[in-house]
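Structure file work-v5.cif (mmCIF, C-alpha atoms) follows.
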```cif
data_input
loop_
_atom_site.label_atom_id
_atom_site.label_comp_id
_atom_site.auth_asym_id
_atom_site.auth_seq_id
_atom_site.Cartn_x
_atom_site.Cartn_y
_atom_site.Cartn_z
CA MET A 1 -20.38 -19.63 20.23
CA GLY A 2 -20.19 -15.91 19.68
CA LYS A 3 -22.99 -13.50 19.00
CA TRP A 4 -24.31 -13.68 15.45
CA THR A 5 -24.07 -10.26 13.89
CA ASP A 6 -24.26 -9.25 10.25
CA GLN A 7 -20.47 -8.81 10.26
CA ARG A 8 -19.92 -12.29 11.75
CA ILE A 9 -22.29 -13.93 9.26
CA LYS A 10 -20.57 -12.13 6.37
CA GLN A 11 -17.18 -13.31 7.66
CA GLN A 12 -18.38 -16.94 7.91
CA VAL A 13 -19.76 -16.84 4.35
CA GLU A 14 -16.49 -15.39 3.05
CA GLU A 15 -14.54 -18.13 4.84
CA VAL A 16 -16.70 -20.85 3.26
CA ILE A 17 -16.21 -19.30 -0.19
CA GLU A 18 -12.44 -19.03 0.37
CA GLU A 19 -12.22 -22.63 1.57
CA SER A 20 -14.21 -23.85 -1.45
CA TYR A 21 -11.85 -22.00 -3.75
CA LEU A 22 -8.76 -23.38 -1.98
CA LEU A 23 -10.09 -26.94 -2.21
CA SER A 24 -10.02 -26.60 -6.00
CA LEU A 25 -6.26 -25.93 -5.87
CA SER A 26 -3.33 -28.26 -5.31
CA ASN A 27 -1.40 -28.12 -2.04
CA SER A 28 1.41 -26.13 -3.64
CA GLU A 29 -1.10 -23.65 -5.10
CA ILE A 30 -2.75 -23.29 -1.67
CA GLN A 31 0.65 -22.58 -0.14
CA GLN A 32 1.42 -20.05 -2.89
CA ASN A 33 -1.95 -18.39 -2.21
CA LEU A 34 -1.01 -18.05 1.47
CA ARG A 35 2.48 -16.76 0.58
CA ASN A 36 0.93 -14.08 -1.64
CA PHE A 37 -1.47 -13.08 1.13
CA ILE A 38 1.35 -12.88 3.69
CA ASP A 39 3.49 -10.78 1.31
CA ILE A 40 0.62 -8.34 0.80
CA CYS A 41 0.02 -8.08 4.55
CA GLU A 42 3.68 -7.53 5.33
CA ASN A 43 4.11 -4.89 2.63
CA ILE A 44 1.05 -2.97 3.77
CA LEU A 45 2.10 -3.17 7.42
CA ARG A 46 5.63 -2.08 6.56
CA GLU A 47 4.34 0.92 4.58
CA SER A 48 1.54 1.96 6.92
CA VAL A 49 2.59 1.26 10.49
CA GLN A 50 5.14 3.26 12.39
CA GLU A 51 7.39 0.95 14.37
CA GLY A 52 6.58 1.20 18.02
CA ARG A 53 5.46 -0.81 20.98
CA ASP A 54 1.88 -1.26 19.79
CA MET A 55 0.64 -4.64 21.03
CA LYS A 56 -1.92 -4.97 18.24
CA VAL A 57 0.82 -4.81 15.58
CA THR A 58 2.74 -7.41 17.58
CA GLU A 59 -0.33 -9.67 17.59
CA ILE A 60 -0.64 -9.28 13.82
CA ARG A 61 3.02 -10.15 13.32
CA ILE A 62 2.64 -13.24 15.53
CA ALA A 63 -0.32 -14.37 13.41
CA ILE A 64 1.79 -13.86 10.28
CA LEU A 65 4.53 -15.98 11.87
CA LYS A 66 1.95 -18.72 12.46
CA ALA A 67 1.15 -18.54 8.76
CA TYR A 68 4.84 -18.98 7.96
CA LEU A 69 4.92 -22.02 10.22
CA LEU A 70 1.95 -23.45 8.35
CA LEU A 71 3.87 -22.99 5.09
CA SER A 72 6.91 -24.76 6.47
CA LEU A 73 5.08 -27.92 7.53
CA ASP A 74 5.62 -30.99 5.36
CA THR A 75 2.69 -32.82 6.84
CA TYR A 76 -0.37 -31.12 8.17
CA PRO A 77 -1.32 -32.13 11.69
CA LEU A 78 -4.76 -33.52 12.27
CA LYS A 79 -7.04 -31.30 14.27
CA LYS A 80 -8.54 -32.82 17.39
CA HIS A 81 -12.23 -32.99 18.16
CA GLN A 82 -13.38 -31.83 21.57
CA ASN A 83 -13.40 -35.41 22.85
CA GLY A 84 -9.77 -35.85 21.75
CA ALA A 85 -10.38 -38.11 18.74
CA ALA A 86 -8.49 -37.25 15.56
CA ALA A 87 -10.43 -35.89 12.63
CA SER A 88 -9.33 -38.69 10.34
CA ASP A 89 -12.22 -38.35 7.90
CA LYS A 90 -10.59 -35.31 6.30
CA SER A 91 -7.63 -35.48 3.98
CA SER A 92 -4.48 -33.47 4.56
CA HIS A 93 -5.52 -31.35 1.57
CA ASN A 94 -8.83 -30.41 3.25
CA LEU A 95 -7.06 -29.71 6.53
CA LEU A 96 -4.52 -27.49 4.78
CA ALA A 97 -7.32 -25.51 3.13
CA GLU A 98 -9.12 -25.13 6.49
CA GLN A 99 -5.94 -24.04 8.27
CA VAL A 100 -5.07 -21.52 5.57
CA VAL A 101 -8.56 -20.02 5.71
CA ALA A 102 -8.44 -19.84 9.51
CA THR A 103 -4.99 -18.24 9.46
CA LYS A 104 -5.92 -15.68 6.81
CA SER A 105 -9.14 -14.89 8.68
CA LEU A 106 -7.23 -14.37 11.94
CA ILE A 107 -4.72 -12.05 10.28
CA LEU A 108 -7.46 -10.05 8.57
CA ARG A 109 -9.48 -9.78 11.79
CA LEU A 110 -6.42 -8.54 13.71
CA ILE A 111 -5.55 -6.02 11.01
CA ASP A 112 -9.20 -4.88 10.93
CA GLU A 113 -9.18 -4.36 14.70
CA TYR A 114 -6.00 -2.31 14.35
CA ASP A 115 -7.12 -0.26 11.32
CA SER A 116 -10.08 -1.15 9.12
CA LYS A 117 -8.63 0.83 6.18
CA LEU A 118 -5.52 -1.38 6.25
CA ALA A 119 -7.74 -4.48 6.19
CA GLU A 120 -9.57 -3.15 3.13
CA THR A 121 -6.23 -2.45 1.44
CA VAL A 122 -5.08 -6.01 2.16
CA LEU A 123 -8.31 -7.44 0.72
CA GLU A 124 -8.01 -5.28 -2.40
CA GLY A 125 -4.37 -6.32 -2.86
CA ASN A 126 -5.30 -9.98 -2.39
CA LEU A 127 -8.10 -9.70 -4.97
CA GLU A 128 -5.77 -8.04 -7.48
CA LYS A 129 -3.07 -10.68 -6.94
CA GLY A 130 -5.68 -13.46 -7.21
CA ALA A 131 -6.97 -12.02 -10.48
CA LEU A 132 -3.44 -12.01 -11.90
CA VAL A 133 -2.89 -15.63 -10.84
CA ARG A 134 -6.21 -16.70 -12.39
CA LYS A 135 -5.33 -14.89 -15.64
CA ARG A 136 -2.00 -16.73 -15.76
CA ARG A 137 -3.71 -20.07 -15.18
CA ILE A 138 -6.21 -19.34 -17.97
CA ARG A 139 -3.43 -18.29 -20.34
CA LYS A 140 -1.48 -21.45 -19.51
CA ALA A 141 -4.56 -23.62 -20.09
CA ARG A 142 -5.23 -21.90 -23.43
CA PHE A 143 -1.60 -22.36 -24.47
CA LEU A 144 -1.68 -26.06 -23.58
CA SER A 145 -4.94 -26.43 -25.51
CA PHE A 146 -3.31 -24.71 -28.49
CA LEU A 147 -0.35 -27.11 -28.29
CA VAL A 148 -2.66 -30.14 -28.22
CA GLN A 149 -4.65 -28.82 -31.19
CA SER A 150 -1.42 -28.10 -33.09
CA GLY A 151 -0.23 -31.63 -32.35
CA TYR A 152 -3.46 -33.09 -33.73
CA ILE A 153 -3.18 -30.98 -36.88
CA ALA A 154 0.45 -32.01 -37.37
CA LEU A 155 -0.50 -35.67 -36.83
CA LEU A 156 -3.31 -35.41 -39.39
CA ALA A 157 -1.01 -33.70 -41.90
CA LEU A 158 1.65 -36.38 -41.42
CA THR A 159 -0.93 -39.15 -41.78
CA GLY A 160 -2.25 -37.53 -44.96
CA PHE A 161 1.26 -37.22 -46.35
CA ILE A 162 2.07 -40.87 -45.57
CA LEU A 163 -1.18 -42.02 -47.21
CA TRP A 164 -0.46 -39.89 -50.29
CA VAL A 165 3.07 -41.33 -50.55
CA VAL A 166 1.84 -44.92 -50.12
CA LEU A 167 -1.13 -44.65 -52.48
CA PHE A 168 0.31 -42.52 -55.29
CA HIS A 169 3.93 -43.55 -55.50
#
```
What's the structure tokens form of this structure?
Amino acid sequence: MGKWTDQRIKQQVEEVIEESYLLSLSNSEIQQNLRNFIDICENILRESVQEGRDMKVTEIRIAILKAYLLLSLDTYPLKKHQNGAAASDKSSHNLLAEQVVATKSLILRLIDEYDSKLAETVLEGNLEKGALVRKRRIRKARFLSFLVQSGYIALLALTGFILWVVLFH
């Protein structure tokens, strides 16, 4: 286990918060979250890094490729405990959330080691994108609620009309 510093503790807390958030999403939403994160990272790297033989940029790109591999998996492999037994007590959904958090954390850590300003830019872009996604989900939920309420009103109006026709004609 590594040395516990304020930075390391902060990172662990952020990972737990991220994993909790991802567990509230469906698998496809988790994958979309990772896709958005990867897109942000790639765009920022493309805009900010001069192409060269820098090994740190190569490491970051390899980590991003690992994230793409995670997106392409149909089934999520079970992680192994140290004694070799499969972690069967966790669902594939939980494992996906854990793997996405670990992958995003690795990419952010590598970007931070390369240039901490780029890491901050990635985090800001991820927060902005996440806020837009949450706003869309809220709007969709409100629209569906409106449709349900409209359906109830239409049903009540139709019932009232049928009763009026039956009773007064």
Quiz item: Residues picked by the PyMOL selection byres ((chain A and resi 22) around 12) here, as JSON, numbers by chain?
Solution: {"A": [15, 16, 17, 18, 19, 20, 21, 23, 24, 25, 26, 27, 28, 29, 30, 31, 32, 33, 34, 93, 94, 95, 96, 97, 98, 99, 100, 101, 130]}
Self-check item: Distance query Glu59 of chain A at most 12 Å, only C-alpha atoms, self and fewer than 6 positions along chain excluded, as a PyMOL selection string
Solution: chain A and resi 53+65-66+106-111+113-114
Calculate, to one decimal in Å, the centre and edge lengths of the box along x, y and z of the file that holds all listed atoms of segment 66-71 of chain A with 4 Å of margin on each side, and present them as AutoDock Vina command-line options.
```
--center_x 3.0 --center_y -21.0 --center_z 8.8 --size_x 11.8 --size_y 12.9 --size_z 15.4
```
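Atom CA of Ala63 of chain A sits 16.5 Å away from atom CA of Leu123 of chain A.
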Residues in the PyMOL selection byres ((chain A and resi 42) around 12), expressed as a short mmCIF file (atom, residue, chain, number, x, y, z; two decimals) with C-alpha atoms, in the coordinates of the input:
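Result file is expr29.cif:
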```cif
data_model
loop_
_atom_site.label_atom_id
_atom_site.label_comp_id
_atom_site.auth_asym_id
_atom_site.auth_seq_id
_atom_site.Cartn_x
_atom_site.Cartn_y
_atom_site.Cartn_z
CA ARG A 35 2.48 -16.76 0.58
CA ASN A 36 0.93 -14.08 -1.64
CA PHE A 37 -1.47 -13.08 1.13
CA ILE A 38 1.35 -12.88 3.69
CA ASP A 39 3.49 -10.78 1.31
CA ILE A 40 0.62 -8.34 0.80
CA CYS A 41 0.02 -8.08 4.55
CA ASN A 43 4.11 -4.89 2.63
CA ILE A 44 1.05 -2.97 3.77
CA LEU A 45 2.10 -3.17 7.42
CA ARG A 46 5.63 -2.08 6.56
CA GLU A 47 4.34 0.92 4.58
CA SER A 48 1.54 1.96 6.92
CA VAL A 49 2.59 1.26 10.49
CA VAL A 57 0.82 -4.81 15.58
CA ILE A 60 -0.64 -9.28 13.82
CA ARG A 61 3.02 -10.15 13.32
CA ILE A 62 2.64 -13.24 15.53
CA ALA A 63 -0.32 -14.37 13.41
CA ILE A 64 1.79 -13.86 10.28
CA LEU A 65 4.53 -15.98 11.87
CA ALA A 67 1.15 -18.54 8.76
CA TYR A 68 4.84 -18.98 7.96
CA ILE A 107 -4.72 -12.05 10.28
CA LEU A 108 -7.46 -10.05 8.57
CA ILE A 111 -5.55 -6.02 11.01
CA LEU A 118 -5.52 -1.38 6.25
CA ALA A 119 -7.74 -4.48 6.19
CA THR A 121 -6.23 -2.45 1.44
CA VAL A 122 -5.08 -6.01 2.16
CA GLY A 125 -4.37 -6.32 -2.86
#
```
Quiz item: In Å, with one decimal, what is the gap from atom CA of Gln11 of chain A to atom CA of Lys104 of chain A?
Solution: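 Computed distance, atom CA of Gln11 of chain A to atom CA of Lys104 of chain A, equals 11.5 Å.
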Practice problem: Measure the distance from atom CA of Ser116 of chain A to atom CA of Leu71 of chain A in Å and round it to one decimal. | Solution: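 Between atom CA of Ser116 of chain A and atom CA of Leu71 of chain A the gap is 26.2 Å.
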So that I can look at just that part, could you write segment 13-40 of chain A with C-alpha atoms, as a PDB file, in the first residue's frame?
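See part-v1.pdb below for the written result:
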```pdb
ATOM      1  CA  VAL A  13     -12.601   9.898  -1.877  1.00  0.00           C
ATOM      2  CA  GLU A  14     -13.203  11.169  -5.412  1.00  0.00           C
ATOM      3  CA  GLU A  15     -13.039   7.604  -6.741  1.00  0.00           C
ATOM      4  CA  VAL A  16     -15.628   6.421  -4.196  1.00  0.00           C
ATOM      5  CA  ILE A  17     -17.929   9.319  -5.122  1.00  0.00           C
ATOM      6  CA  GLU A  18     -17.489   8.591  -8.843  1.00  0.00           C
ATOM      7  CA  GLU A  19     -18.177   4.887  -8.349  1.00  0.00           C
ATOM      8  CA  SER A  20     -21.315   5.656  -6.311  1.00  0.00           C
ATOM      9  CA  TYR A  21     -22.556   7.908  -9.079  1.00  0.00           C
ATOM     10  CA  LEU A  22     -21.812   5.314 -11.769  1.00  0.00           C
ATOM     11  CA  LEU A  23     -23.656   2.612  -9.818  1.00  0.00           C
ATOM     12  CA  SER A  24     -26.816   4.705 -10.132  1.00  0.00           C
ATOM     13  CA  LEU A  25     -26.559   4.529 -13.943  1.00  0.00           C
ATOM     14  CA  SER A  26     -27.329   1.720 -16.359  1.00  0.00           C
ATOM     15  CA  ASN A  27     -24.486  -0.086 -18.127  1.00  0.00           C
ATOM     16  CA  SER A  28     -25.064   1.876 -21.333  1.00  0.00           C
ATOM     17  CA  GLU A  29     -25.036   5.163 -19.392  1.00  0.00           C
ATOM     18  CA  ILE A  30     -21.782   4.135 -17.671  1.00  0.00           C
ATOM     19  CA  GLN A  31     -20.263   3.385 -21.067  1.00  0.00           C
ATOM     20  CA  GLN A  32     -21.487   6.733 -22.417  1.00  0.00           C
ATOM     21  CA  ASN A  33     -19.936   8.449 -19.387  1.00  0.00           C
ATOM     22  CA  LEU A  34     -16.597   6.795 -20.197  1.00  0.00           C
ATOM     23  CA  ARG A  35     -16.921   7.689 -23.904  1.00  0.00           C
ATOM     24  CA  ASN A  36     -17.511  11.347 -22.985  1.00  0.00           C
ATOM     25  CA  PHE A  37     -14.489  11.312 -20.676  1.00  0.00           C
ATOM     26  CA  ILE A  38     -12.283   9.739 -23.362  1.00  0.00           C
ATOM     27  CA  ASP A  39     -13.460  12.284 -25.958  1.00  0.00           C
ATOM     28  CA  ILE A  40     -12.602  15.150 -23.616  1.00  0.00           C
TER      29      ILE A  40
END
```
